[in-house]
Amino acid sequence: MLYTLKMNDEDIKKIIKLHKKTQTEIAKKIGVRKSYISQLVHGKNVSKLCAFATCKAISSDLEIEDLFKIV
């Protein structure tokens with residue numbers, strides 16, 4: 001199963017900023033390159049594990065269903 005963000009790139013950037021994170025911090029926390037997070041923000045499909053890790057890197061309160069939808 002693959003997941004993609006439910007929202008557009010500007011909305012997810014606002015959520016990241018709201019939680020006082022950067023794409024670089026998220027990438028470092030989950031062990032990927034910043035360019036991968038950038039691709040994700042712009043609509044790249046990702047695995048369930050990556051979707052989960054991304055949510056938790058932004059905020060421990062976020063769940064996959066909050067940000068992602070199944071493709």
# chains A, B, ... in the order shown; residues from 1 in each chain; ligands from 1
$ residues_around --residues "Ile58 in chain A" --least-positions-apart "5" --cutoff "7 Å" --atoms "only C-alpha atoms" --output "JSON, numbers by chain"
{"A": [16, 19, 21, 26]}
$ write_last_selection --atoms "C-alpha atoms" --output "compact mmCIF listing (two decimals), in the first residue's frame"
# COMPACT_ATOMS: atom_id res chain seq x y z
CA ILE A 16 5.29 21.70 9.51
CA HIS A 19 4.89 22.49 14.78
CA LYS A 21 9.93 21.91 12.42
CA ILE A 26 12.18 15.83 9.63
$ residues_around --residues "range 32-45 of chain A" --least-positions-apart "2" --cutoff "9 Å" --atoms "only C-alpha atoms" --output "list in words"
Leu2, Tyr3, Thr4, Leu5, Met7, Asn8, Asp9, Glu10, Ile12, Lys13, Gln23, Thr24, Glu25, Ile26, Ala27, Lys28, Lys29, Ile30, Ser47, Thr54 and Val71 of chain A
$ write_last_selection --atoms "C-alpha atoms" --output "PDB file, in the first residue's frame"
ATOM      1  CA  LEU A   2       1.205   3.473  -0.847  1.00  0.00           C
ATOM      2  CA  TYR A   3       0.248   6.753   0.756  1.00  0.00           C
ATOM      3  CA  THR A   4       0.185  10.336  -0.473  1.00  0.00           C
ATOM      4  CA  LEU A   5      -0.547  13.577   1.339  1.00  0.00           C
ATOM      5  CA  MET A   7      -3.344  18.311   1.214  1.00  0.00           C
ATOM      6  CA  ASN A   8      -1.442  20.529  -1.165  1.00  0.00           C
ATOM      7  CA  ASP A   9       2.177  21.512  -0.628  1.00  0.00           C
ATOM      8  CA  GLU A  10       1.383  24.904   0.909  1.00  0.00           C
ATOM      9  CA  ILE A  12       1.604  20.728   4.622  1.00  0.00           C
ATOM     10  CA  LYS A  13       4.321  23.392   4.816  1.00  0.00           C
ATOM     11  CA  GLN A  23      11.948  19.671   6.273  1.00  0.00           C
ATOM     12  CA  THR A  24      15.643  19.189   7.088  1.00  0.00           C
ATOM     13  CA  GLU A  25      14.864  18.285  10.717  1.00  0.00           C
ATOM     14  CA  ILE A  26      12.180  15.828   9.633  1.00  0.00           C
ATOM     15  CA  ALA A  27      14.509  14.217   7.102  1.00  0.00           C
ATOM     16  CA  LYS A  28      17.292  13.844   9.645  1.00  0.00           C
ATOM     17  CA  LYS A  29      14.916  12.391  12.247  1.00  0.00           C
ATOM     18  CA  ILE A  30      13.564   9.692   9.922  1.00  0.00           C
ATOM     19  CA  SER A  47       5.206   3.549   2.111  1.00  0.00           C
ATOM     20  CA  THR A  54       6.904  11.562   8.843  1.00  0.00           C
ATOM     21  CA  VAL A  71      -3.366   5.687  -3.138  1.00  0.00           C
TER      22      VAL A  71
END
$ select_by_dssp --residues "range 4-62 of chain A" --states "helix (DSSP H, G or I)" --output "tab-separated table (two decimals) with N, CA and C atoms, in the first residue's frame"
chain	number	residue	atom	x	y	z
A	9	ASP	N	0.85	21.24	-1.21
A	9	ASP	CA	2.18	21.51	-0.63
A	9	ASP	C	2.18	22.71	0.32
A	10	GLU	N	1.41	23.73	0.03
A	10	GLU	CA	1.38	24.90	0.91
A	10	GLU	C	0.77	24.57	2.27
A	11	ASP	N	-0.27	23.74	2.28
A	11	ASP	CA	-0.91	23.36	3.54
A	11	ASP	C	0.00	22.51	4.42
A	12	ILE	N	0.71	21.56	3.81
A	12	ILE	CA	1.60	20.73	4.62
A	12	ILE	C	2.78	21.56	5.14
A	13	LYS	N	3.25	22.51	4.35
A	13	LYS	CA	4.32	23.39	4.82
A	13	LYS	C	3.85	24.21	6.02
A	14	LYS	N	2.59	24.63	6.02
A	14	LYS	CA	2.04	25.36	7.16
A	14	LYS	C	1.98	24.48	8.40
A	15	ILE	N	1.60	23.23	8.22
A	15	ILE	CA	1.54	22.30	9.35
A	15	ILE	C	2.94	22.08	9.93
A	16	ILE	N	3.91	21.89	9.06
A	16	ILE	CA	5.29	21.70	9.51
A	16	ILE	C	5.76	22.92	10.28
A	17	LYS	N	5.48	24.09	9.74
A	17	LYS	CA	5.88	25.34	10.40
A	17	LYS	C	5.14	25.53	11.73
A	18	LEU	N	3.87	25.19	11.77
A	18	LEU	CA	3.07	25.29	12.98
A	18	LEU	C	3.68	24.48	14.12
A	23	GLN	N	11.84	20.89	7.07
A	23	GLN	CA	11.95	19.67	6.27
A	23	GLN	C	13.28	18.98	6.55
A	24	THR	N	14.32	19.75	6.78
A	24	THR	CA	15.64	19.19	7.09
A	24	THR	C	15.61	18.42	8.40
A	25	GLU	N	14.96	18.97	9.43
A	25	GLU	CA	14.86	18.29	10.72
A	25	GLU	C	14.08	16.98	10.59
A	26	ILE	N	13.00	17.03	9.84
A	26	ILE	CA	12.18	15.83	9.63
A	26	ILE	C	12.99	14.76	8.91
A	27	ALA	N	13.69	15.16	7.87
A	27	ALA	CA	14.51	14.22	7.10
A	27	ALA	C	15.57	13.56	7.99
A	28	LYS	N	16.25	14.37	8.77
A	28	LYS	CA	17.29	13.84	9.64
A	28	LYS	C	16.70	12.87	10.67
A	29	LYS	N	15.55	13.21	11.21
A	29	LYS	CA	14.92	12.39	12.25
A	29	LYS	C	14.49	11.03	11.71
A	30	ILE	N	14.03	10.98	10.46
A	30	ILE	CA	13.56	9.69	9.92
A	30	ILE	C	14.60	8.99	9.03
A	34	LYS	N	16.77	15.46	2.65
A	34	LYS	CA	15.79	16.55	2.59
A	34	LYS	C	15.05	16.53	1.26
A	35	SER	N	15.74	16.16	0.19
A	35	SER	CA	15.09	16.13	-1.13
A	35	SER	C	13.94	15.11	-1.15
A	36	TYR	N	14.05	14.05	-0.37
A	36	TYR	CA	12.98	13.06	-0.29
A	36	TYR	C	11.74	13.67	0.38
A	37	ILE	N	11.95	14.44	1.44
A	37	ILE	CA	10.85	15.11	2.13
A	37	ILE	C	10.22	16.13	1.19
A	38	SER	N	11.04	16.83	0.44
A	38	SER	CA	10.53	17.80	-0.54
A	38	SER	C	9.65	17.09	-1.58
A	39	GLN	N	10.09	15.94	-2.05
A	39	GLN	CA	9.30	15.19	-3.02
A	39	GLN	C	7.98	14.73	-2.40
A	40	LEU	N	8.04	14.29	-1.15
A	40	LEU	CA	6.84	13.88	-0.43
A	40	LEU	C	5.86	15.04	-0.34
A	41	VAL	N	6.36	16.22	0.03
A	41	VAL	CA	5.53	17.42	0.15
A	41	VAL	C	4.87	17.76	-1.18
A	48	LYS	N	3.78	3.01	3.98
A	48	LYS	CA	3.09	3.26	5.24
A	48	LYS	C	4.11	3.62	6.33
A	49	LEU	N	5.25	2.96	6.34
A	49	LEU	CA	6.28	3.22	7.33
A	49	LEU	C	6.81	4.66	7.22
A	50	CYS	N	7.04	5.10	6.00
A	50	CYS	CA	7.52	6.47	5.80
A	50	CYS	C	6.44	7.48	6.18
A	51	ALA	N	5.20	7.21	5.84
A	51	ALA	CA	4.10	8.10	6.22
A	51	ALA	C	4.00	8.21	7.73
A	52	PHE	N	4.10	7.06	8.43
A	52	PHE	CA	4.04	7.05	9.88
A	52	PHE	C	5.20	7.83	10.48
A	53	ALA	N	6.41	7.55	10.01
A	53	ALA	CA	7.61	8.22	10.53
A	53	ALA	C	7.53	9.72	10.30
A	54	THR	N	7.03	10.14	9.15
A	54	THR	CA	6.90	11.56	8.84
A	54	THR	C	5.93	12.23	9.81
A	55	CYS	N	4.79	11.60	10.04
A	55	CYS	CA	3.81	12.15	10.98
A	55	CYS	C	4.42	12.32	12.36
A	56	LYS	N	5.08	11.29	12.85
A	56	LYS	CA	5.64	11.32	14.20
A	56	LYS	C	6.82	12.28	14.29
A	57	ALA	N	7.54	12.49	13.20
A	57	ALA	CA	8.65	13.45	13.20
A	57	ALA	C	8.11	14.88	13.28
A	58	ILE	N	6.94	15.11	12.73
A	58	ILE	CA	6.32	16.43	12.81
A	58	ILE	C	5.74	16.64	14.20
$ select_by_dssp --residues "range 3-50 of chain A" --states "strand (DSSP E or B)" --output "list in words"
Tyr3, Thr4, Leu5, Val46 and Ser47 of chain A
